[in-house]
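Peer 1: Here it is, the structure, as structure tokens.
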Amino acid sequence: MNTKTTIIKNHERRELIVERIVAIPRKLAWQGWTKPEHIVRWWGPRNWTATVYEMDVRPGGAWRYQLAANDGTSKVLCQAVYREVDELSKLVYVDSMTDENWNVINGSDMLTAVTFSDTVQGTKVSITTHFTSVEQLEGAEAMGMIEGYTDTLERLEEHLQLHESNSQ
């Protein structure tokens, strides 16, 4: 497991918290999380590809996306509906798996909060996912969510560092 990423599981609160300090400015970290042209380059585990169908970053707005394994063995459609958007600081959304018609699959809702804060080393990105039950939390872990988020945050940092150096 990467030592730059911190994982905290809280069974009592049914939460998974994944944190990483990324060596990029907060504004760029925020843009990386809210602009489709960035999302498609880093969202999801390594060897998976993200496709963004919609990204309306405002309360009530939706982010519809697909994650697909590059080897063709698996894909998942998801929809996140934003509840709170505090520019450069916080995103709160309900992330759900959907069928091919964007109908939410019962029991797949995960309340997710992503916060961005300045640190000496760059930006601390903290993802808190709240599950409806301990079983849902354990199922997400068994499905590889911790490794997926670890890969995802590494990819975020790699992509945005490259983007930043190419922009200078």
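Ordering of the structure tokens sets the chain letters (A, B, ...); residue numbers start at 1 within each chain; ligands are numbered from 1 in the order shown.
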Please identify all polymer residues within 9 Å of stretch 139-147 of chain A, counting only C-alpha atoms, omitting same-chain residues fewer than 3 positions from it, and present them as a ChimeraX atom specification.
Peer 2: /A:1,7,16,18,45,134-136,150-152
Peer 1: If you keep N, CA, C and O atoms, can you produce a file of those selected residues as a compact mmCIF listing (two decimals), in the first residue's frame?
Peer 2:
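Result written to out34.txt:
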```txt
# COMPACT_ATOMS: atom_id res chain seq x y z
N MET A 1 0.85 -1.18 0.00
CA MET A 1 0.00 0.00 0.00
C MET A 1 0.89 1.24 0.00
O MET A 1 1.90 1.29 0.68
N ILE A 7 -5.61 5.50 4.90
CA ILE A 7 -6.92 4.85 4.86
C ILE A 7 -7.44 4.72 6.30
O ILE A 7 -6.73 4.19 7.16
N LEU A 16 -15.57 5.19 5.18
CA LEU A 16 -14.24 4.92 4.67
C LEU A 16 -13.65 6.29 4.33
O LEU A 16 -14.25 7.07 3.58
N VAL A 18 -10.29 8.19 2.84
CA VAL A 18 -9.05 8.04 2.08
C VAL A 18 -8.47 9.44 1.90
O VAL A 18 -9.15 10.33 1.39
N PRO A 45 -9.25 3.20 -10.95
CA PRO A 45 -7.98 2.48 -10.72
C PRO A 45 -7.14 2.43 -12.00
O PRO A 45 -7.64 2.65 -13.10
N VAL A 134 -22.74 -1.52 7.60
CA VAL A 134 -21.39 -2.08 7.72
C VAL A 134 -21.16 -3.10 6.60
O VAL A 134 -20.07 -3.18 6.03
N GLU A 135 -22.20 -3.84 6.24
CA GLU A 135 -22.10 -4.83 5.16
C GLU A 135 -21.75 -4.16 3.83
O GLU A 135 -20.96 -4.69 3.06
N GLN A 136 -22.36 -2.99 3.58
CA GLN A 136 -22.05 -2.27 2.34
C GLN A 136 -20.59 -1.79 2.36
O GLN A 136 -19.89 -1.89 1.35
N THR A 150 -6.84 4.46 -3.80
CA THR A 150 -5.39 4.70 -3.69
C THR A 150 -4.81 4.94 -5.08
O THR A 150 -4.10 5.92 -5.30
N ASP A 151 -5.14 4.07 -6.03
CA ASP A 151 -4.70 4.25 -7.42
C ASP A 151 -5.19 5.58 -7.99
O ASP A 151 -4.45 6.31 -8.66
N THR A 152 -6.47 5.87 -7.74
CA THR A 152 -7.10 7.06 -8.28
C THR A 152 -6.38 8.32 -7.82
O THR A 152 -6.09 9.22 -8.62
```
Peer 1: Write out as a ChimeraX atom specification the residues lying within 12 Å of A:Ser126, counting only C-alpha atoms and excluding same-chain residues fewer than 2 positions away.
Peer 2: /A:5-8,16-22,29-30,89-92,112-118,123-124,128-129,149-150,153
Peer 1: Residues of the last selection are to be written out with C-alpha atoms, as a PDB file, in the first residue's frame.
Peer 2:
```pdb
ATOM      1  CA  THR A   5      -2.256   7.598   1.062  1.00  0.00           C
ATOM      2  CA  THR A   6      -3.962   7.219   4.444  1.00  0.00           C
ATOM      3  CA  ILE A   7      -6.921   4.854   4.863  1.00  0.00           C
ATOM      4  CA  ILE A   8      -9.281   5.029   7.849  1.00  0.00           C
ATOM      5  CA  LEU A  16     -14.236   4.923   4.671  1.00  0.00           C
ATOM      6  CA  ILE A  17     -11.834   7.870   4.652  1.00  0.00           C
ATOM      7  CA  VAL A  18      -9.049   8.040   2.081  1.00  0.00           C
ATOM      8  CA  GLU A  19      -6.591  10.934   2.274  1.00  0.00           C
ATOM      9  CA  ARG A  20      -3.557  11.969   0.291  1.00  0.00           C
ATOM     10  CA  ILE A  21      -1.414  15.069   0.154  1.00  0.00           C
ATOM     11  CA  VAL A  22      -0.820  15.818  -3.509  1.00  0.00           C
ATOM     12  CA  ALA A  29      -6.643  19.841  -7.523  1.00  0.00           C
ATOM     13  CA  TRP A  30     -10.174  21.303  -7.571  1.00  0.00           C
ATOM     14  CA  SER A  89     -12.944  23.507  -0.691  1.00  0.00           C
ATOM     15  CA  LYS A  90     -15.636  20.827  -0.720  1.00  0.00           C
ATOM     16  CA  LEU A  91     -17.814  18.601  -2.880  1.00  0.00           C
ATOM     17  CA  VAL A  92     -20.601  16.495  -1.390  1.00  0.00           C
ATOM     18  CA  THR A 112     -19.318  11.055  -0.512  1.00  0.00           C
ATOM     19  CA  ALA A 113     -17.569  14.223   0.647  1.00  0.00           C
ATOM     20  CA  VAL A 114     -14.325  15.389  -0.953  1.00  0.00           C
ATOM     21  CA  THR A 115     -12.433  18.192   0.760  1.00  0.00           C
ATOM     22  CA  PHE A 116      -9.429  20.166  -0.448  1.00  0.00           C
ATOM     23  CA  SER A 117      -7.148  22.003   1.987  1.00  0.00           C
ATOM     24  CA  ASP A 118      -3.793  23.743   1.667  1.00  0.00           C
ATOM     25  CA  THR A 123      -3.102  20.046  -1.183  1.00  0.00           C
ATOM     26  CA  LYS A 124      -4.669  17.522   1.156  1.00  0.00           C
ATOM     27  CA  THR A 128     -15.090  10.400   3.077  1.00  0.00           C
ATOM     28  CA  THR A 129     -17.571   7.796   1.858  1.00  0.00           C
ATOM     29  CA  TYR A 149      -9.131   5.042  -4.404  1.00  0.00           C
ATOM     30  CA  THR A 150      -5.395   4.700  -3.688  1.00  0.00           C
ATOM     31  CA  LEU A 153      -5.397   9.607  -6.012  1.00  0.00           C
TER      32      LEU A 153
END
```
Peer 1: Please list as a PyMOL selection string every residue within 7 Å of A:Pro36, counting only C-alpha atoms and excluding residues in the same chain fewer than 3 positions away.
Peer 2: chain A and resi 39-40+52+55
Peer 1: Would you output that residue set with N, CA, C and O atoms, as a PDB file, in the first residue's frame?
Peer 2:
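Once everything was written out, this is part_37.pdb:
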```
ATOM      1  N   ILE A  39     -10.901  14.627 -15.483  1.00  0.00           N
ATOM      2  CA  ILE A  39     -11.446  13.397 -14.898  1.00  0.00           C
ATOM      3  C   ILE A  39     -11.123  12.171 -15.765  1.00  0.00           C
ATOM      4  O   ILE A  39     -10.724  11.129 -15.257  1.00  0.00           O
ATOM      5  N   VAL A  40     -11.294  12.305 -17.077  1.00  0.00           N
ATOM      6  CA  VAL A  40     -11.096  11.142 -17.962  1.00  0.00           C
ATOM      7  C   VAL A  40      -9.647  10.662 -17.969  1.00  0.00           C
ATOM      8  O   VAL A  40      -9.373   9.546 -18.401  1.00  0.00           O
ATOM      9  N   VAL A  52     -16.825  10.339 -19.265  1.00  0.00           N
ATOM     10  CA  VAL A  52     -17.766  11.250 -18.628  1.00  0.00           C
ATOM     11  C   VAL A  52     -18.867  11.573 -19.629  1.00  0.00           C
ATOM     12  O   VAL A  52     -18.594  12.048 -20.732  1.00  0.00           O
ATOM     13  N   MET A  55     -21.331  16.286 -16.600  1.00  0.00           N
ATOM     14  CA  MET A  55     -20.697  16.762 -15.372  1.00  0.00           C
ATOM     15  C   MET A  55     -21.183  18.180 -15.120  1.00  0.00           C
ATOM     16  O   MET A  55     -20.680  19.139 -15.687  1.00  0.00           O
TER      17      MET A  55
END
```
Peer 1: So that I can see what lies close to stretch 64-69 of chain A, please list as a list in words the residues with an atom at most 7 Å from it, counting only C-alpha atoms and leaving out residues fewer than 4 positions away in the same chain.
Peer 2: Gly44, Asn47, Trp48, Thr49, Ala50, Thr51, Val52, Tyr53, Glu54, Met55, Thr73, Ser74, Lys75, Val76, Leu77, Cys78, Gln79 and Ala80 of chain A
Peer 1: Only all heavy atoms, please: the residues just picked out, written as a compact mmCIF listing (two decimals), in the first residue's frame.
Peer 2:
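out.txt written:
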```txt
# COMPACT_ATOMS: atom_id res chain seq x y z
N GLY A 44 -10.54 6.58 -11.43
CA GLY A 44 -10.60 5.13 -11.40
C GLY A 44 -9.24 4.50 -11.19
O GLY A 44 -8.21 5.17 -11.25
N ASN A 47 -5.34 0.93 -15.14
CA ASN A 47 -5.82 -0.05 -16.11
C ASN A 47 -7.35 -0.03 -16.26
O ASN A 47 -7.95 -1.01 -16.70
CB ASN A 47 -5.32 -1.47 -15.80
CG ASN A 47 -3.81 -1.51 -15.77
OD1 ASN A 47 -3.16 -1.00 -16.68
ND2 ASN A 47 -3.24 -2.06 -14.72
N TRP A 48 -7.95 1.08 -15.87
CA TRP A 48 -9.37 1.33 -16.11
C TRP A 48 -9.48 2.66 -16.82
O TRP A 48 -8.62 3.52 -16.67
CB TRP A 48 -10.15 1.40 -14.79
CG TRP A 48 -10.37 0.05 -14.16
CD1 TRP A 48 -9.40 -0.77 -13.65
CD2 TRP A 48 -11.60 -0.63 -13.97
NE1 TRP A 48 -9.97 -1.91 -13.14
CE2 TRP A 48 -11.32 -1.85 -13.32
CE3 TRP A 48 -12.92 -0.31 -14.26
CZ2 TRP A 48 -12.32 -2.76 -12.99
CZ3 TRP A 48 -13.91 -1.22 -13.92
CH2 TRP A 48 -13.60 -2.43 -13.30
N THR A 49 -10.53 2.83 -17.61
CA THR A 49 -10.75 4.06 -18.35
C THR A 49 -12.07 4.67 -17.94
O THR A 49 -13.08 3.96 -17.83
CB THR A 49 -10.76 3.78 -19.87
OG1 THR A 49 -9.48 3.22 -20.22
CG2 THR A 49 -11.01 5.03 -20.68
N ALA A 50 -12.05 5.98 -17.70
CA ALA A 50 -13.27 6.71 -17.35
C ALA A 50 -13.81 7.43 -18.58
O ALA A 50 -13.05 7.99 -19.36
CB ALA A 50 -12.97 7.72 -16.25
N THR A 51 -15.12 7.39 -18.72
CA THR A 51 -15.83 8.16 -19.74
C THR A 51 -16.83 9.03 -19.00
O THR A 51 -17.60 8.52 -18.18
CB THR A 51 -16.58 7.23 -20.71
OG1 THR A 51 -15.65 6.32 -21.28
CG2 THR A 51 -17.27 8.01 -21.82
N VAL A 52 -16.83 10.34 -19.26
CA VAL A 52 -17.77 11.25 -18.63
C VAL A 52 -18.87 11.57 -19.63
O VAL A 52 -18.59 12.05 -20.73
CB VAL A 52 -17.07 12.54 -18.15
CG1 VAL A 52 -18.08 13.53 -17.59
CG2 VAL A 52 -16.01 12.22 -17.11
N TYR A 53 -20.12 11.30 -19.25
CA TYR A 53 -21.27 11.59 -20.10
C TYR A 53 -21.91 12.93 -19.74
O TYR A 53 -22.51 13.58 -20.59
CB TYR A 53 -22.31 10.48 -19.98
CG TYR A 53 -21.78 9.16 -20.47
CD1 TYR A 53 -21.30 8.20 -19.59
CD2 TYR A 53 -21.74 8.87 -21.83
CE1 TYR A 53 -20.79 6.99 -20.04
CE2 TYR A 53 -21.23 7.66 -22.30
CZ TYR A 53 -20.76 6.73 -21.39
OH TYR A 53 -20.26 5.54 -21.84
N GLU A 54 -21.79 13.32 -18.48
CA GLU A 54 -22.34 14.58 -18.00
C GLU A 54 -21.58 14.97 -16.75
O GLU A 54 -21.25 14.12 -15.94
CB GLU A 54 -23.83 14.41 -17.67
CG GLU A 54 -24.49 15.64 -17.10
CD GLU A 54 -25.96 15.42 -16.71
OE1 GLU A 54 -26.47 14.29 -16.85
OE2 GLU A 54 -26.58 16.38 -16.25
N MET A 55 -21.33 16.29 -16.60
CA MET A 55 -20.70 16.76 -15.37
C MET A 55 -21.18 18.18 -15.12
O MET A 55 -20.68 19.14 -15.69
CB MET A 55 -19.18 16.70 -15.45
CG MET A 55 -18.52 16.96 -14.12
SD MET A 55 -16.80 16.41 -14.14
CE MET A 55 -16.68 15.80 -12.47
N THR A 73 -13.02 -6.80 -19.24
CA THR A 73 -13.68 -7.77 -18.36
C THR A 73 -14.79 -7.19 -17.50
O THR A 73 -15.63 -7.92 -17.00
CB THR A 73 -12.66 -8.44 -17.42
OG1 THR A 73 -12.01 -7.42 -16.66
CG2 THR A 73 -11.65 -9.26 -18.19
N SER A 74 -14.80 -5.86 -17.32
CA SER A 74 -15.77 -5.29 -16.40
C SER A 74 -16.03 -3.83 -16.73
O SER A 74 -15.15 -3.13 -17.23
CB SER A 74 -15.22 -5.41 -14.97
OG SER A 74 -16.17 -4.98 -14.04
N LYS A 75 -17.25 -3.39 -16.46
CA LYS A 75 -17.56 -1.97 -16.56
C LYS A 75 -18.70 -1.65 -15.61
O LYS A 75 -19.49 -2.53 -15.24
CB LYS A 75 -17.88 -1.54 -17.99
CG LYS A 75 -19.27 -1.90 -18.46
CD LYS A 75 -19.53 -1.30 -19.83
CE LYS A 75 -20.96 -1.59 -20.24
NZ LYS A 75 -21.31 -1.02 -21.52
N VAL A 76 -18.74 -0.40 -15.20
CA VAL A 76 -19.78 0.04 -14.28
C VAL A 76 -20.21 1.45 -14.67
O VAL A 76 -19.37 2.28 -15.04
CB VAL A 76 -19.31 -0.03 -12.81
CG1 VAL A 76 -18.14 0.88 -12.55
CG2 VAL A 76 -20.44 0.27 -11.85
N LEU A 77 -21.51 1.69 -14.65
CA LEU A 77 -22.05 3.02 -14.88
C LEU A 77 -22.43 3.61 -13.53
O LEU A 77 -23.01 2.92 -12.69
CB LEU A 77 -23.30 2.96 -15.77
CG LEU A 77 -23.06 2.62 -17.23
CD1 LEU A 77 -24.39 2.34 -17.93
CD2 LEU A 77 -22.33 3.75 -17.94
N CYS A 78 -22.12 4.88 -13.35
CA CYS A 78 -22.39 5.54 -12.07
C CYS A 78 -22.96 6.93 -12.31
O CYS A 78 -22.71 7.55 -13.35
CB CYS A 78 -21.12 5.67 -11.24
SG CYS A 78 -20.36 4.10 -10.82
N GLN A 79 -23.70 7.37 -11.31
CA GLN A 79 -24.22 8.73 -11.33
C GLN A 79 -24.02 9.33 -9.95
O GLN A 79 -24.38 8.73 -8.94
CB GLN A 79 -25.72 8.71 -11.65
CG GLN A 79 -26.38 10.07 -11.50
CD GLN A 79 -27.85 10.00 -11.83
OE1 GLN A 79 -28.21 10.07 -12.99
NE2 GLN A 79 -28.68 9.84 -10.83
N ALA A 80 -23.43 10.51 -9.94
CA ALA A 80 -23.27 11.25 -8.70
C ALA A 80 -24.15 12.49 -8.79
O ALA A 80 -24.13 13.18 -9.81
CB ALA A 80 -21.81 11.65 -8.49
```
Peer 1: For a test of reading the model, state the distance in Å between atom CA of A:Lys9 and atom CA of A:Phe131, rounded to one decimal.
Peer 2: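 Taking atom CA of A:Lys9 as the start and atom CA of A:Phe131 as the end point, the length is 11.1 Å.
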Peer 1: For the helix (DSSP H, G or I) assignment from backbone DSSP, which residues of chain A qualify? Please present them as a ChimeraX atom specification.
Peer 2: /A:26-34,36-42,134-142,145-167
Peer 1: Set the distance at 8 Å and use only C-alpha atoms: which residues neighbour A:Ser108 once local chain neighbours fewer than 4 positions away are removed? I'd like the list as a list in words.
Peer 2: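 Listing them by chain and then by number gives Asp95, Ser96, Met97 and Val104 of chain A.
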Peer 1: For the residues selected in the previous step, produce a file with N, CA and C atoms as an mmCIF file, in the first residue's frame.
Peer 2:
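Saved the output as result31.cif:
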```cif
data_model
loop_
_atom_site.group_PDB
_atom_site.id
_atom_site.type_symbol
_atom_site.label_atom_id
_atom_site.label_comp_id
_atom_site.auth_asym_id
_atom_site.auth_seq_id
_atom_site.Cartn_x
_atom_site.Cartn_y
_atom_site.Cartn_z
ATOM 1 N N ASP A 95 -23.140 9.159 -4.699
ATOM 2 C CA ASP A 95 -22.624 8.390 -5.821
ATOM 3 C C ASP A 95 -23.356 7.049 -5.831
ATOM 4 N N SER A 96 -23.910 6.681 -6.983
ATOM 5 C CA SER A 96 -24.686 5.450 -7.091
ATOM 6 C C SER A 96 -24.328 4.719 -8.371
ATOM 7 N N MET A 97 -24.410 3.405 -8.334
ATOM 8 C CA MET A 97 -24.290 2.617 -9.556
ATOM 9 C C MET A 97 -25.646 2.654 -10.251
ATOM 10 N N VAL A 104 -30.871 4.326 -10.940
ATOM 11 C CA VAL A 104 -30.034 3.973 -9.801
ATOM 12 C C VAL A 104 -30.361 2.558 -9.325
#
```
Peer 1: Provide the atom CA of A:Val85 to atom CA of A:Gly60 distance in Å, to one decimal place.
Peer 2: 9.7 Å
Peer 1: Counting only C-alpha atoms, which residue out of A:Leu111, A:Val81, A:Pro59, A:Arg14 sits closest to A:Leu137?
Peer 2: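 Using only C-alpha atoms, A:Leu137 sits closest to A:Arg14.
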Peer 1: Tell me, in Å to one decimal, how far atom CA of A:Asn106 is from atom CA of A:Asn10.
Peer 2: 23.1 Å
